[in-house]
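S.K.: Sharing my_file-v9.csv here; it has CSV, C-alpha atoms.
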chain,number,residue,atom,x,y,z
A,24,MET,CA,4.1,-2.9,-86.2
A,25,GLU,CA,4.2,-4.6,-82.8
A,26,ARG,CA,5.0,-2.5,-79.8
A,27,LEU,CA,7.7,-3.8,-77.5
A,28,ALA,CA,6.7,-4.6,-74.0
A,29,LYS,CA,8.0,-2.1,-71.5
A,30,LEU,CA,10.6,-3.5,-69.2
A,31,THR,CA,9.4,-3.4,-65.6
A,32,LEU,CA,11.9,-4.7,-63.1
A,33,SER,CA,11.0,-6.4,-59.8
A,34,ALA,CA,10.8,-4.3,-56.7
A,35,ARG,CA,13.3,-6.8,-55.2
A,36,VAL,CA,16.1,-5.8,-57.6
A,37,GLY,CA,15.3,-2.1,-57.0
A,38,ARG,CA,16.0,-2.6,-53.3
A,39,ILE,CA,19.5,-3.8,-53.7
A,40,LYS,CA,22.7,-2.4,-55.2
A,41,PRO,CA,25.7,-4.0,-56.9
A,42,SER,CA,28.5,-5.1,-54.6
A,43,PRO,CA,30.6,-2.0,-54.0
A,44,THR,CA,33.8,-3.9,-53.3
A,45,LEU,CA,33.5,-5.8,-56.6
A,46,ALA,CA,32.7,-2.5,-58.3
A,47,VAL,CA,35.9,-0.9,-57.0
A,48,THR,CA,38.0,-3.8,-58.0
A,49,ALA,CA,36.5,-3.9,-61.5
A,50,ARG,CA,37.1,-0.2,-61.9
A,51,ALA,CA,40.7,-0.5,-60.7
A,52,LYS,CA,41.3,-3.3,-63.2
A,53,THR,CA,39.7,-1.3,-66.1
A,54,LEU,CA,41.9,1.7,-65.3
A,55,LYS,CA,45.0,-0.4,-65.1
A,56,ALA,CA,44.2,-2.0,-68.4
A,57,ALA,CA,43.8,1.5,-69.9
A,58,GLY,CA,47.4,2.3,-68.8
A,59,HIS,CA,46.7,4.3,-65.6
A,60,ASP,CA,49.0,3.9,-62.6
A,61,ILE,CA,46.6,2.4,-60.2
A,62,LEU,CA,47.3,1.1,-56.7
A,63,ASP,CA,44.4,-1.3,-55.9
A,64,LEU,CA,43.7,-1.4,-52.1
A,65,GLY,CA,40.1,-2.4,-52.7
A,66,ALA,CA,40.4,-6.1,-53.5
A,67,GLY,CA,39.3,-8.4,-50.8
A,68,GLU,CA,41.5,-11.4,-51.9
A,69,PRO,CA,44.9,-12.6,-51.0
A,70,ASP,CA,47.7,-11.7,-53.4
A,71,PHE,CA,49.3,-15.1,-53.0
A,72,ASP,CA,48.8,-17.8,-55.5
A,73,THR,CA,46.8,-21.0,-54.6
A,74,PRO,CA,49.4,-23.5,-53.2
A,75,GLU,CA,50.7,-25.9,-55.8
A,76,PRO,CA,49.4,-29.2,-54.2
A,77,ILE,CA,45.9,-27.7,-54.2
A,78,LYS,CA,46.2,-26.9,-57.9
A,79,ASP,CA,47.7,-30.3,-58.6
A,80,ALA,CA,44.7,-32.0,-57.0
A,81,ALA,CA,42.4,-30.1,-59.4
A,82,ILE,CA,44.5,-30.9,-62.4
A,83,GLN,CA,44.5,-34.5,-61.5
A,84,ALA,CA,40.7,-34.4,-61.2
A,85,ILE,CA,40.4,-33.0,-64.7
A,86,ARG,CA,42.7,-35.8,-66.0
A,87,ASP,CA,40.6,-38.4,-64.2
A,88,GLY,CA,37.5,-37.1,-65.9
A,89,PHE,CA,35.9,-35.8,-62.7
A,90,THR,CA,34.0,-33.2,-64.7
A,91,LYS,CA,30.3,-34.2,-64.3
A,92,TYR,CA,27.5,-33.1,-62.0
A,93,THR,CA,28.0,-33.9,-58.3
A,94,ALA,CA,25.5,-34.1,-55.5
A,95,VAL,CA,24.0,-30.7,-54.9
A,96,ASP,CA,25.3,-30.4,-51.4
A,97,GLY,CA,28.9,-31.4,-52.3
A,98,ILE,CA,31.0,-34.5,-52.9
A,99,PRO,CA,31.3,-37.0,-50.0
A,100,SER,CA,35.0,-36.5,-49.6
A,101,LEU,CA,34.7,-32.7,-49.3
A,102,LYS,CA,31.8,-33.0,-46.8
A,103,ALA,CA,33.9,-35.4,-44.8
A,104,ALA,CA,36.9,-33.0,-45.0
A,105,VAL,CA,34.7,-30.2,-43.6
A,106,VAL,CA,33.5,-32.4,-40.8
A,107,ASP,CA,37.1,-33.4,-40.0
A,108,LYS,CA,38.2,-29.7,-40.1
A,109,PHE,CA,35.5,-28.6,-37.7
A,110,ALA,CA,36.5,-31.4,-35.2
A,111,ARG,CA,40.2,-30.9,-35.6
A,112,GLU,CA,40.5,-27.1,-35.6
A,113,ASN,CA,37.3,-26.0,-33.8
A,114,ALA,CA,36.3,-28.8,-31.5
A,115,LEU,CA,32.9,-28.8,-33.2
A,116,GLN,CA,31.1,-32.0,-33.9
A,117,TYR,CA,29.0,-32.4,-37.1
A,118,THR,CA,27.8,-35.1,-39.3
A,119,THR,CA,28.0,-34.9,-43.1
A,120,SER,CA,24.2,-34.4,-43.2
A,121,GLN,CA,24.7,-31.2,-41.3
A,122,VAL,CA,27.1,-29.8,-44.0
A,123,LEU,CA,26.3,-27.9,-47.3
A,124,VAL,CA,29.0,-27.0,-49.8
A,125,SER,CA,28.1,-24.0,-51.9
A,126,VAL,CA,29.5,-21.7,-54.6
A,127,GLY,CA,31.5,-19.5,-52.1
A,128,GLY,CA,30.6,-18.0,-48.8
A,129,LYS,CA,28.2,-15.5,-50.4
A,130,GLN,CA,26.0,-18.3,-51.6
A,131,SER,CA,26.1,-19.9,-48.2
A,132,PHE,CA,24.6,-16.8,-46.6
A,133,TYR,CA,22.1,-16.4,-49.6
A,134,ASN,CA,20.9,-20.0,-49.1
A,135,LEU,CA,20.5,-19.4,-45.4
A,136,ALA,CA,18.5,-16.2,-45.9
A,137,GLN,CA,16.2,-17.7,-48.5
A,138,ALA,CA,15.6,-20.8,-46.4
A,139,LEU,CA,14.9,-19.0,-43.2
A,140,LEU,CA,13.5,-15.5,-43.7
A,141,GLU,CA,10.0,-14.2,-44.4
A,142,ALA,CA,8.9,-10.7,-45.2
A,143,GLU,CA,7.9,-9.8,-41.6
A,144,ASP,CA,11.2,-11.0,-40.1
A,145,GLU,CA,14.0,-8.8,-38.8
A,146,VAL,CA,17.7,-9.6,-39.1
A,147,VAL,CA,20.1,-7.9,-36.6
A,148,ILE,CA,23.5,-7.0,-38.2
A,149,PRO,CA,26.3,-5.2,-36.4
A,150,ALA,CA,28.0,-2.4,-38.4
A,151,PRO,CA,30.5,-2.1,-40.0
A,152,TYR,CA,29.3,-5.2,-41.8
A,153,TRP,CA,30.3,-7.2,-44.9
A,154,VAL,CA,28.6,-5.5,-47.8
A,155,SER,CA,26.5,-8.4,-49.0
A,156,TYR,CA,24.7,-9.2,-45.7
A,157,LEU,CA,22.3,-6.2,-46.1
A,158,ASP,CA,21.4,-6.7,-49.7
A,159,ILE,CA,20.9,-10.5,-49.4
A,160,VAL,CA,18.5,-9.9,-46.5
A,161,LEU,CA,16.6,-7.3,-48.6
A,162,MET,CA,16.2,-9.8,-51.3
A,163,THR,CA,14.1,-11.9,-49.0
A,164,ASP,CA,11.8,-8.9,-48.1
A,165,ALA,CA,13.0,-9.2,-44.5
A,166,THR,CA,14.2,-6.0,-42.6
A,167,PRO,CA,17.8,-5.5,-41.6
A,168,VAL,CA,18.2,-3.9,-38.2
A,169,ILE,CA,21.7,-2.4,-37.9
A,170,ILE,CA,23.6,-2.0,-34.6
A,171,PRO,CA,26.2,0.8,-35.2
A,172,THR,CA,29.5,0.7,-33.5
A,173,THR,CA,32.4,3.2,-33.3
A,174,ILE,CA,36.2,3.1,-33.4
A,175,GLU,CA,36.2,3.8,-29.7
A,176,GLN,CA,34.2,0.6,-29.1
A,177,GLY,CA,36.7,-1.3,-31.2
A,178,PHE,CA,33.9,-1.7,-33.8
A,179,LYS,CA,32.3,-4.3,-31.5
A,180,ILE,CA,28.7,-4.4,-30.2
A,181,THR,CA,27.9,-4.7,-26.5
A,182,PRO,CA,25.4,-7.0,-24.8
A,183,GLU,CA,23.3,-3.9,-24.1
A,184,SER,CA,23.2,-2.8,-27.7
A,185,LEU,CA,22.4,-6.4,-28.8
A,186,ASP,CA,19.6,-6.6,-26.3
A,187,ALA,CA,18.2,-3.3,-27.5
A,188,ALA,CA,18.1,-4.5,-31.1
A,189,LEU,CA,16.6,-7.9,-30.6
A,190,ALA,CA,12.8,-8.1,-30.6
A,191,TYR,CA,9.9,-10.6,-31.1
A,192,LYS,CA,10.3,-10.1,-34.9
A,193,THR,CA,14.0,-10.9,-34.9
A,194,LYS,CA,14.7,-14.2,-36.8
A,195,LEU,CA,18.4,-14.0,-37.3
A,196,PHE,CA,21.5,-12.4,-35.8
A,197,VAL,CA,24.7,-12.2,-37.8
A,198,LEU,CA,28.1,-12.2,-36.3
A,199,ASN,CA,31.4,-11.9,-38.3
A,200,SER,CA,34.6,-12.4,-36.4
A,201,PRO,CA,37.3,-11.7,-37.5
A,202,SER,CA,35.4,-8.8,-39.2
A,203,ASN,CA,35.5,-7.7,-42.7
A,204,PRO,CA,36.0,-4.7,-42.9
A,205,THR,CA,37.5,-3.8,-39.5
A,206,GLY,CA,39.6,-6.8,-38.5
A,207,ALA,CA,37.9,-6.7,-35.0
A,208,VAL,CA,37.7,-10.1,-33.2
A,209,TYR,CA,35.4,-10.9,-30.2
A,210,THR,CA,37.1,-12.4,-27.2
A,211,ARG,CA,35.7,-15.5,-25.4
A,212,ASP,CA,34.4,-13.2,-22.6
A,213,GLU,CA,32.7,-10.9,-25.1
A,214,LEU,CA,31.1,-13.9,-26.9
A,215,ALA,CA,29.9,-15.3,-23.6
A,216,ALA,CA,28.2,-12.0,-22.8
A,217,LEU,CA,26.5,-11.9,-26.1
A,218,GLY,CA,25.4,-15.5,-25.6
A,219,GLU,CA,23.7,-14.5,-22.3
A,220,VAL,CA,21.6,-12.0,-24.2
A,221,LEU,CA,20.8,-14.5,-27.0
A,222,ARG,CA,19.5,-17.1,-24.5
A,223,ARG,CA,16.7,-14.7,-23.7
A,224,TYR,CA,15.5,-14.8,-27.3
A,225,PRO,CA,15.0,-18.4,-28.2
A,226,GLN,CA,13.4,-17.7,-31.5
A,227,VAL,CA,16.5,-16.1,-32.9
A,228,PHE,CA,18.9,-18.1,-35.1
A,229,ILE,CA,22.5,-17.1,-35.3
A,230,ALA,CA,24.9,-17.0,-38.2
A,231,THR,CA,28.5,-16.9,-37.3
A,232,ASP,CA,30.7,-16.0,-40.3
A,233,ASP,CA,34.2,-17.4,-39.7
A,234,MET,CA,35.6,-16.8,-43.1
A,235,TYR,CA,38.8,-15.1,-41.8
A,236,GLU,CA,39.3,-17.6,-39.0
A,237,HIS,CA,42.9,-18.5,-40.0
A,238,ILE,CA,43.9,-14.9,-40.8
A,239,TYR,CA,44.0,-14.1,-37.1
A,240,TRP,CA,46.7,-13.1,-34.6
A,241,GLY,CA,44.8,-12.2,-31.4
A,242,ALA,CA,46.1,-12.8,-27.9
A,243,GLU,CA,43.9,-15.9,-27.3
A,244,PRO,CA,43.0,-18.8,-29.6
A,245,PHE,CA,40.3,-18.2,-32.1
A,246,ALA,CA,36.8,-19.1,-30.9
A,247,ASN,CA,33.3,-18.8,-32.3
A,248,LEU,CA,30.1,-18.4,-30.4
A,249,ILE,CA,29.4,-22.2,-30.2
A,250,ASN,CA,32.8,-22.8,-28.6
A,251,VAL,CA,31.9,-20.5,-25.8
A,252,CYS,CA,28.1,-21.2,-25.7
A,253,PRO,CA,27.6,-24.8,-26.9
A,254,ASP,CA,23.9,-24.7,-25.8
A,255,LEU,CA,23.3,-22.3,-28.7
A,256,ALA,CA,24.5,-24.8,-31.3
A,257,GLU,CA,21.0,-26.1,-32.1
A,258,ARG,CA,20.1,-22.6,-33.5
A,259,THR,CA,23.5,-21.6,-34.9
A,260,ILE,CA,24.9,-22.0,-38.4
A,261,VAL,CA,28.6,-21.7,-39.0
A,262,LEU,CA,29.7,-20.2,-42.3
A,263,ASN,CA,33.2,-20.6,-43.7
A,264,GLY,CA,35.1,-21.4,-46.9
A,265,VAL,CA,38.5,-21.8,-48.5
A,266,SER,CA,38.7,-18.5,-50.3
A,267,LYS,CA,40.7,-16.4,-47.9
A,268,ALA,CA,42.7,-18.9,-45.9
A,269,TYR,CA,44.0,-20.8,-48.9
A,270,ALA,CA,44.1,-18.0,-51.5
A,271,MET,CA,41.3,-19.6,-53.5
A,272,THR,CA,38.8,-16.8,-54.1
A,273,GLY,CA,38.2,-17.7,-57.7
A,274,TRP,CA,37.6,-21.4,-57.0
A,275,ARG,CA,34.3,-20.4,-55.3
A,276,ILE,CA,33.9,-22.9,-52.5
A,277,GLY,CA,32.2,-22.1,-49.3
A,278,TYR,CA,30.5,-24.3,-46.7
A,279,ALA,CA,28.0,-24.1,-43.9
A,280,ALA,CA,27.3,-26.4,-41.0
A,281,GLY,CA,24.3,-26.3,-38.7
A,282,PRO,CA,21.0,-28.0,-37.7
A,283,THR,CA,20.1,-30.8,-40.1
A,284,GLU,CA,16.6,-29.4,-41.0
A,285,LEU,CA,18.0,-26.0,-41.8
A,286,ILE,CA,20.8,-27.4,-43.9
A,287,GLN,CA,18.3,-29.5,-45.8
A,288,ALA,CA,16.2,-26.4,-46.6
A,289,MET,CA,19.3,-24.5,-47.7
A,290,THR,CA,20.2,-27.5,-50.0
A,291,LYS,CA,16.7,-27.3,-51.5
A,292,VAL,CA,17.3,-23.6,-52.3
A,293,GLN,CA,20.7,-24.4,-53.9
A,294,SER,CA,19.2,-27.2,-56.0
A,295,GLN,CA,17.0,-24.6,-57.7
A,296,SER,CA,19.7,-22.0,-58.2
A,297,THR,CA,23.3,-23.2,-58.9
A,298,SER,CA,23.0,-26.9,-58.1
A,299,ASN,CA,26.4,-28.3,-57.2
A,300,PRO,CA,29.6,-26.3,-56.9
A,301,THR,CA,32.2,-27.0,-59.6
A,302,SER,CA,33.4,-30.6,-59.4
A,303,ILE,CA,37.1,-29.9,-59.8
A,304,ALA,CA,37.0,-26.9,-57.4
A,305,GLN,CA,35.5,-29.3,-54.8
A,306,VAL,CA,38.5,-31.7,-55.2
A,307,ALA,CA,40.9,-28.8,-54.7
A,308,ALA,CA,39.0,-27.8,-51.6
A,309,VAL,CA,39.5,-31.3,-50.2
A,310,ALA,CA,43.2,-30.9,-50.6
A,311,ALA,CA,43.1,-27.5,-49.0
A,312,LEU,CA,41.1,-28.5,-45.9
A,313,ASN,CA,43.1,-31.7,-45.4
A,314,SER,CA,46.3,-29.7,-45.4
A,315,GLY,CA,45.4,-28.0,-42.1
A,316,VAL,CA,47.4,-24.9,-41.6
A,317,THR,CA,50.5,-25.9,-43.6
A,318,PHE,CA,49.8,-23.4,-46.4
A,319,VAL,CA,48.0,-20.9,-44.2
A,320,THR,CA,50.6,-20.0,-41.7
A,321,PRO,CA,53.2,-18.3,-44.0
A,322,MET,CA,50.4,-16.2,-45.6
A,323,ARG,CA,49.0,-15.2,-42.2
A,324,ASP,CA,52.5,-14.2,-41.0
A,325,ALA,CA,52.9,-12.0,-44.1
A,326,PHE,CA,49.5,-10.3,-43.6
A,327,LYS,CA,50.4,-9.7,-39.9
A,328,ALA,CA,53.7,-8.0,-40.9
A,329,ARG,CA,51.9,-5.8,-43.4
A,330,HIS,CA,49.2,-5.0,-40.9
A,331,ASP,CA,51.6,-3.8,-38.3
A,332,ARG,CA,53.6,-1.6,-40.7
A,333,LEU,CA,50.7,-0.1,-42.5
A,334,CYS,CA,48.7,0.6,-39.3
A,335,ARG,CA,51.7,2.6,-37.9
A,336,GLN,CA,52.0,4.5,-41.1
A,337,LEU,CA,48.3,5.4,-41.3
A,338,GLN,CA,48.3,6.5,-37.6
A,339,ALA,CA,51.0,9.0,-38.5
A,340,LEU,CA,49.0,10.6,-41.3
A,341,PRO,CA,47.1,13.8,-40.6
A,342,GLY,CA,43.3,13.4,-40.3
A,343,LEU,CA,43.3,9.7,-39.9
A,344,ARG,CA,42.4,7.5,-36.9
A,345,CYS,CA,43.4,3.9,-37.4
A,346,ARG,CA,42.7,1.1,-34.9
A,347,PRO,CA,44.8,-2.1,-35.2
A,348,GLY,CA,42.9,-5.2,-36.1
A,349,ASP,CA,43.4,-8.8,-34.8
A,350,GLY,CA,42.9,-10.4,-38.2
A,351,THR,CA,41.8,-10.3,-41.9
A,352,PHE,CA,43.8,-8.2,-44.3
A,353,TYR,CA,42.0,-4.9,-43.9
A,354,LEU,CA,42.3,-1.7,-42.0
A,355,PHE,CA,39.4,0.6,-41.5
A,356,PRO,CA,40.6,4.1,-40.6
A,357,ASN,CA,38.2,6.9,-39.5
A,358,ILE,CA,38.6,9.9,-41.9
A,359,ALA,CA,36.2,12.3,-40.3
A,360,GLN,CA,39.0,14.8,-39.4
A,361,ALA,CA,40.4,14.6,-42.9
A,362,LEU,CA,37.0,15.2,-44.5
A,363,ARG,CA,36.6,18.4,-42.5
A,364,HIS,CA,40.2,19.5,-43.2
A,365,LEU,CA,39.9,19.0,-46.9
A,366,GLY,CA,36.4,20.2,-47.3
A,367,ILE,CA,35.2,16.9,-48.7
A,368,PRO,CA,31.5,16.1,-47.9
A,369,ASP,CA,31.7,12.3,-47.4
A,370,ASP,CA,33.7,9.1,-47.6
A,371,GLN,CA,32.3,8.3,-51.1
A,372,THR,CA,33.5,11.6,-52.5
A,373,PHE,CA,36.8,11.1,-50.7
A,374,ALA,CA,37.3,7.7,-52.3
A,375,GLU,CA,36.4,9.0,-55.8
A,376,ARG,CA,38.8,12.0,-55.5
A,377,LEU,CA,41.5,9.8,-54.1
A,378,LEU,CA,41.3,7.5,-57.1
A,379,GLU,CA,41.0,10.4,-59.6
A,380,GLU,CA,43.9,12.4,-58.1
A,381,THR,CA,46.3,9.8,-56.8
A,382,GLY,CA,45.3,6.5,-58.4
A,383,ILE,CA,44.6,4.8,-55.1
A,384,ALA,CA,41.5,2.5,-55.2
A,385,LEU,CA,39.8,1.8,-51.9
A,386,VAL,CA,36.3,1.3,-50.6
A,387,PRO,CA,34.3,4.0,-48.8
A,388,GLY,CA,33.1,3.0,-45.3
A,389,SER,CA,29.5,3.8,-46.2
A,390,ALA,CA,29.4,0.6,-48.2
A,391,PHE,CA,29.9,-1.2,-44.9
A,392,GLY,CA,27.3,0.8,-43.0
A,393,ALA,CA,30.0,3.1,-41.5
A,394,PRO,CA,30.2,6.5,-43.1
A,395,GLY,CA,33.3,8.5,-42.4
A,396,HIS,CA,35.6,5.6,-42.8
A,397,VAL,CA,37.4,3.8,-45.6
A,398,ARG,CA,38.6,0.2,-46.0
A,399,LEU,CA,42.1,-0.4,-47.2
A,400,SER,CA,43.1,-4.0,-48.2
A,401,TYR,CA,46.8,-4.8,-47.5
A,402,ALA,CA,46.5,-8.1,-49.5
A,403,THR,CA,49.0,-6.7,-51.9
A,404,SER,CA,52.8,-6.2,-52.1
A,405,ASP,CA,55.0,-4.1,-49.8
A,406,GLU,CA,55.9,-2.0,-52.8
A,407,VAL,CA,52.3,-1.1,-53.6
A,408,LEU,CA,51.6,-0.4,-49.9
A,409,ALA,CA,54.6,1.9,-49.6
A,410,ALA,CA,53.6,3.8,-52.7
A,411,ALA,CA,50.1,4.1,-51.5
A,412,VAL,CA,51.1,5.6,-48.2
A,413,THR,CA,53.3,8.2,-50.0
A,414,ARG,CA,50.5,9.2,-52.3
A,415,LEU,CA,47.9,9.3,-49.5
A,416,GLU,CA,50.2,11.5,-47.4
A,417,GLY,CA,50.4,13.9,-50.4
A,418,PHE,CA,46.6,13.9,-50.8
A,419,LEU,CA,46.1,14.7,-47.1
A,420,ALA,CA,48.9,17.4,-46.9
A,421,PRO,CA,47.6,20.9,-46.3
A,422,SER,CA,49.6,22.3,-49.3
A,423,ARG,CA,49.0,19.5,-51.6
A,424,ASN,CA,48.6,20.1,-55.3
A,425,ALA,CA,45.1,19.7,-56.7
A,426,GLN,CA,46.3,17.3,-59.3
A,427,PRO,CA,49.3,15.1,-58.3
A,428,ALA,CA,51.3,13.6,-61.0
A,429,SER,CA,50.3,10.1,-60.0
A,430,GLY,CA,46.6,10.8,-60.7
A,431,ILE,CA,44.5,9.4,-63.6
A,432,ARG,CA,43.4,12.7,-65.1
A,433,SER,CA,44.6,13.1,-68.6
Using structure tokens, write down the structure that the file contains.

M.R.:
Amino acid sequence: MERLAKLTLSARVGRIKPSPTLAVTARAKTLKAAGHDILDLGAGEPDFDTPEPIKDAAIQAIRDGFTKYTAVDGIPSLKAAVVDKFARENALQYTTSQVLVSVGGKQSFYNLAQALLEAEDEVVIPAPYWVSYLDIVLMTDATPVIIPTTIEQGFKITPESLDAALAYKTKLFVLNSPSNPTGAVYTRDELAALGEVLRRYPQVFIATDDMYEHIYWGAEPFANLINVCPDLAERTIVLNGVSKAYAMTGWRIGYAAGPTELIQAMTKVQSQSTSNPTSIAQVAAVAALNSGVTFVTPMRDAFKARHDRLCRQLQALPGLRCRPGDGTFYLFPNIAQALRHLGIPDDQTFAERLLEETGIALVPGSAFGAPGHVRLSYATSDEVLAAAVTRLEGFLAPSRNAQPASGIRS
């Protein structure tokens, strides 16, 4: 009888973990399907439906038989729409040869990491960070170098902390503004100060992740690093997509623009992984980008109203410190006082007990490199948010019951 070979997984897969945000969302859906009363504040996607004209464009593409392979880097009309978008909305000038369309923003960053990084390289990432940056870097055998920030800093790095983190081994610096998970946005003056530091490290490439660009309500117009420091454009890649702004998370369309040689290398990586993004989703993305902010503005205004109300409510709860954001659809309160008061050891345990005892699903801050915090998504209805605040208040209360009626214990 033949012996089966022992399964030995790669060291690479052992270094990474499944996406914690997707895991929370999946668990919440499973519990809901089992009949539990779950309030899902973990999902990082708009609760609005994709606008009808965008869906109509995809339906028409199906009827027209546009269901075959496309060019790996995207259909010409979508790449042209991306170029037009950058010129119209960001005053950035690209050619279609400098644009790559991918299967969501996550693949854009994955393509960049695979094309650019070697085992001896370092990647500087401010924390709190989007959960996938760290693990995608680890998949290349490069080393993430984390710059921690605090709620007192507005969750933003300083020129001094950036200068201290950069070194001769640094190959890439990642900047996400507006930030997932904090909603923090860098001002033009802050970007200019970071740019001054980056000029002293000419070997460092820069990834500016602008995925939440349109879900923004800061005091000054949105700007990314190249708007403020155009001389850095030759080593900067801009990452964006249609998922958040146009409520198209499931369509899986992201895009990147940057130096031609780097875009070509990223395209080569994509050609040996997913190949082209879905043909009909690309057509839908053309309709989305060409619509400008027509569909975006009402959703942004709704998110802003939810942000203002929820932030005030969280600030009034015992043990929480909540800083307002300038964009996205997340709040990132510090729960250190609540942990001490409740005798809970960490944010992971806090999130687990909150789900078990109240049915509220959220993501612990340690997933974003910021222990002692939690991320709440307000991309959900006012009714769900109101119920969540009531349950959270009961959970934090000194005389709360150990097992509230809204929990999921049987």

S.K.: Quick one: which range 72-189 of chain A residues come within 10 Å of range 36-45 of chain A, and what is the nearest atom pair for each with the distance in Å to one decimal, counting all atoms listed in the file, rows ordered by chain and ascending number, as a Markdown table?

M.R.:
| residue | atom | partner | partner_atom | distance |
| --- | --- | --- | --- | --- |
| A:Trp153 | CA | A:Thr44 | CA | 9.7 |
| A:Val154 | CA | A:Ser42 | CA | 6.8 |
| A:Ser155 | CA | A:Ser42 | CA | 6.8 |
| A:Leu157 | CA | A:Ile39 | CA | 8.4 |
| A:Asp158 | CA | A:Ile39 | CA | 5.3 |
| A:Ile159 | CA | A:Ile39 | CA | 8.1 |
| A:Val160 | CA | A:Ile39 | CA | 9.5 |
| A:Leu161 | CA | A:Arg38 | CA | 6.7 |
| A:Met162 | CA | A:Ile39 | CA | 7.3 |
| A:Asp164 | CA | A:Arg38 | CA | 9.2 |

S.K.: Could you give me, as a list in words, the residues within 12 Å of Arg50 in chain A, counting all atoms listed in the file and dropping anything in the same chain fewer than 2 positions from it?

M.R.: Pro43, Thr44, Leu45, Ala46, Val47, Thr48, Lys52, Thr53, Leu54, Lys55, Ala56, Ala57, His59, Ile61, Leu62, Asp63, Leu64, Gly65, Ala66, Glu375, Leu378, Glu379, Gly382, Ile383, Ala384, Leu385 and Val386 of chain A

S.K.: Between A:Leu255, A:Val106, A:Leu354, A:Ala393, which has the minimum distance to Arg223 in chain A (counting all atoms listed in the file)?

M.R.: A:Leu255

S.K.: With only C-alpha atoms counted and 8 Å as the cut-off, give the residues of range 187-247 of chain A in contact with range 320-341 of chain A, each with its shortest interatomic distance in Å and the pair that gives it, as a tab-separated table.

M.R.:
residue	atom	partner	partner_atom	distance
A:His237	CA	A:Arg323	CA	7.3
A:Ile238	CA	A:Arg323	CA	5.3
A:Tyr239	CA	A:Arg323	CA	7.2
A:Trp240	CA	A:Lys327	CA	7.3

S.K.: Give me, as a ChimeraX atom specification, all polymer residues having an atom no more than 12 Å from Asn247 in chain A, counting all atoms listed in the file and skipping those fewer than 3 positions away in the same chain.

M.R.: /A:109,112-115,198-201,208-215,217-218,229-236,244,250-253,255-256,259-263

S.K.: Once you count all atoms listed in the file, which residues end up no further than 9 Å from (47.3, 15.4, -46.7) in the file's frame, shown as a list of chain:residue names?

M.R.: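 Output of the proximity query reads A:Leu340, A:Pro341, A:Gly342, A:Ala361, A:His364, A:Leu365, A:Arg414, A:Leu415, A:Glu416, A:Gly417, A:Phe418, A:Leu419, A:Ala420, A:Pro421, A:Ser422, A:Arg423.
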
S.K.: Could you give me, as an NGL selection string, the residues that have an atom at most 10 Å away from the point (40.1, -32.1, -59.7) in the coordinates of the file, using all atoms listed in the file?

M.R.: :A and (77-90 or 301-310)

S.K.: Between A:Gly127, A:Pro394, A:Pro99, A:Pro225, which one has atoms that come closest to Trp274 in chain A, using only C-alpha atoms?

M.R.: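 Checking each of A:Gly127, A:Pro394, A:Pro99, A:Pro225 against Trp274 in chain A, counting only C-alpha atoms, the winner is A:Gly127.
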
S.K.: Between A:Phe228, A:Tyr133, A:Tyr152, A:Tyr269, which has the minimum distance to Thr317 in chain A (counting all atoms listed in the file)?

M.R.: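 Among the listed residues, the smallest separation from Thr317 in chain A belongs to A:Tyr269.
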
S.K.: From the set A:Lys179, A:Leu32, A:Ser404, A:Asp369, which residue has the shortest atom-to-atom contact distance to Pro387 in chain A, counting only C-alpha atoms?

M.R.: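 Closest residue, counting only C-alpha atoms: A:Asp369.
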
S.K.: At what distance in Å, to one decimal, does CA of Leu399 in chain A lie from CA of Phe196 in chain A?

M.R.: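 Computing it gives 26.4 Å between the two atoms.
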
S.K.: Choose the residue, out of A:Ala390, A:Phe352, A:Ala28, A:Val265, that has the smallest atom-to-atom separation from Ser202 in chain A; count all atoms listed in the file.

M.R.: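 Closest candidate: A:Phe352.
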
S.K.: Given the choices A:Thr93, A:Thr283, A:Asn203, A:Thr297, which gets closest to Thr118 in chain A if the distance is worked out from only C-alpha atoms?

M.R.: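 Ranked by minimum distance to Thr118 in chain A, first place goes to A:Thr283.
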
S.K.: Can you pull out the residues contacting Val168 in chain A? Cut-off 7 Å, using only C-alpha atoms, and skip same-chain residues under 4 positions away; I want them as a PDB file with C-alpha atoms, keeping the file's coordinate frame.

M.R.:
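Written file, result.pdb:
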ATOM      1  CA  GLU A 145      14.000  -8.800 -38.800  1.00  0.00           C
ATOM      2  CA  VAL A 146      17.700  -9.600 -39.100  1.00  0.00           C
ATOM      3  CA  VAL A 147      20.100  -7.900 -36.600  1.00  0.00           C
ATOM      4  CA  ILE A 148      23.500  -7.000 -38.200  1.00  0.00           C
TER       5      ILE A 148
END

S.K.: Between CA of Thr73 in chain A and CA of Ser314 in chain A, what is the spacing in Å?

M.R.: 12.7 Å

S.K.: As an exercise, work out the distance from CA of Val122 in chain A to CA of Leu101 in chain A in Å and give it to one decimal place.

M.R.: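 That distance, rounded to one decimal, is 9.7 Å.
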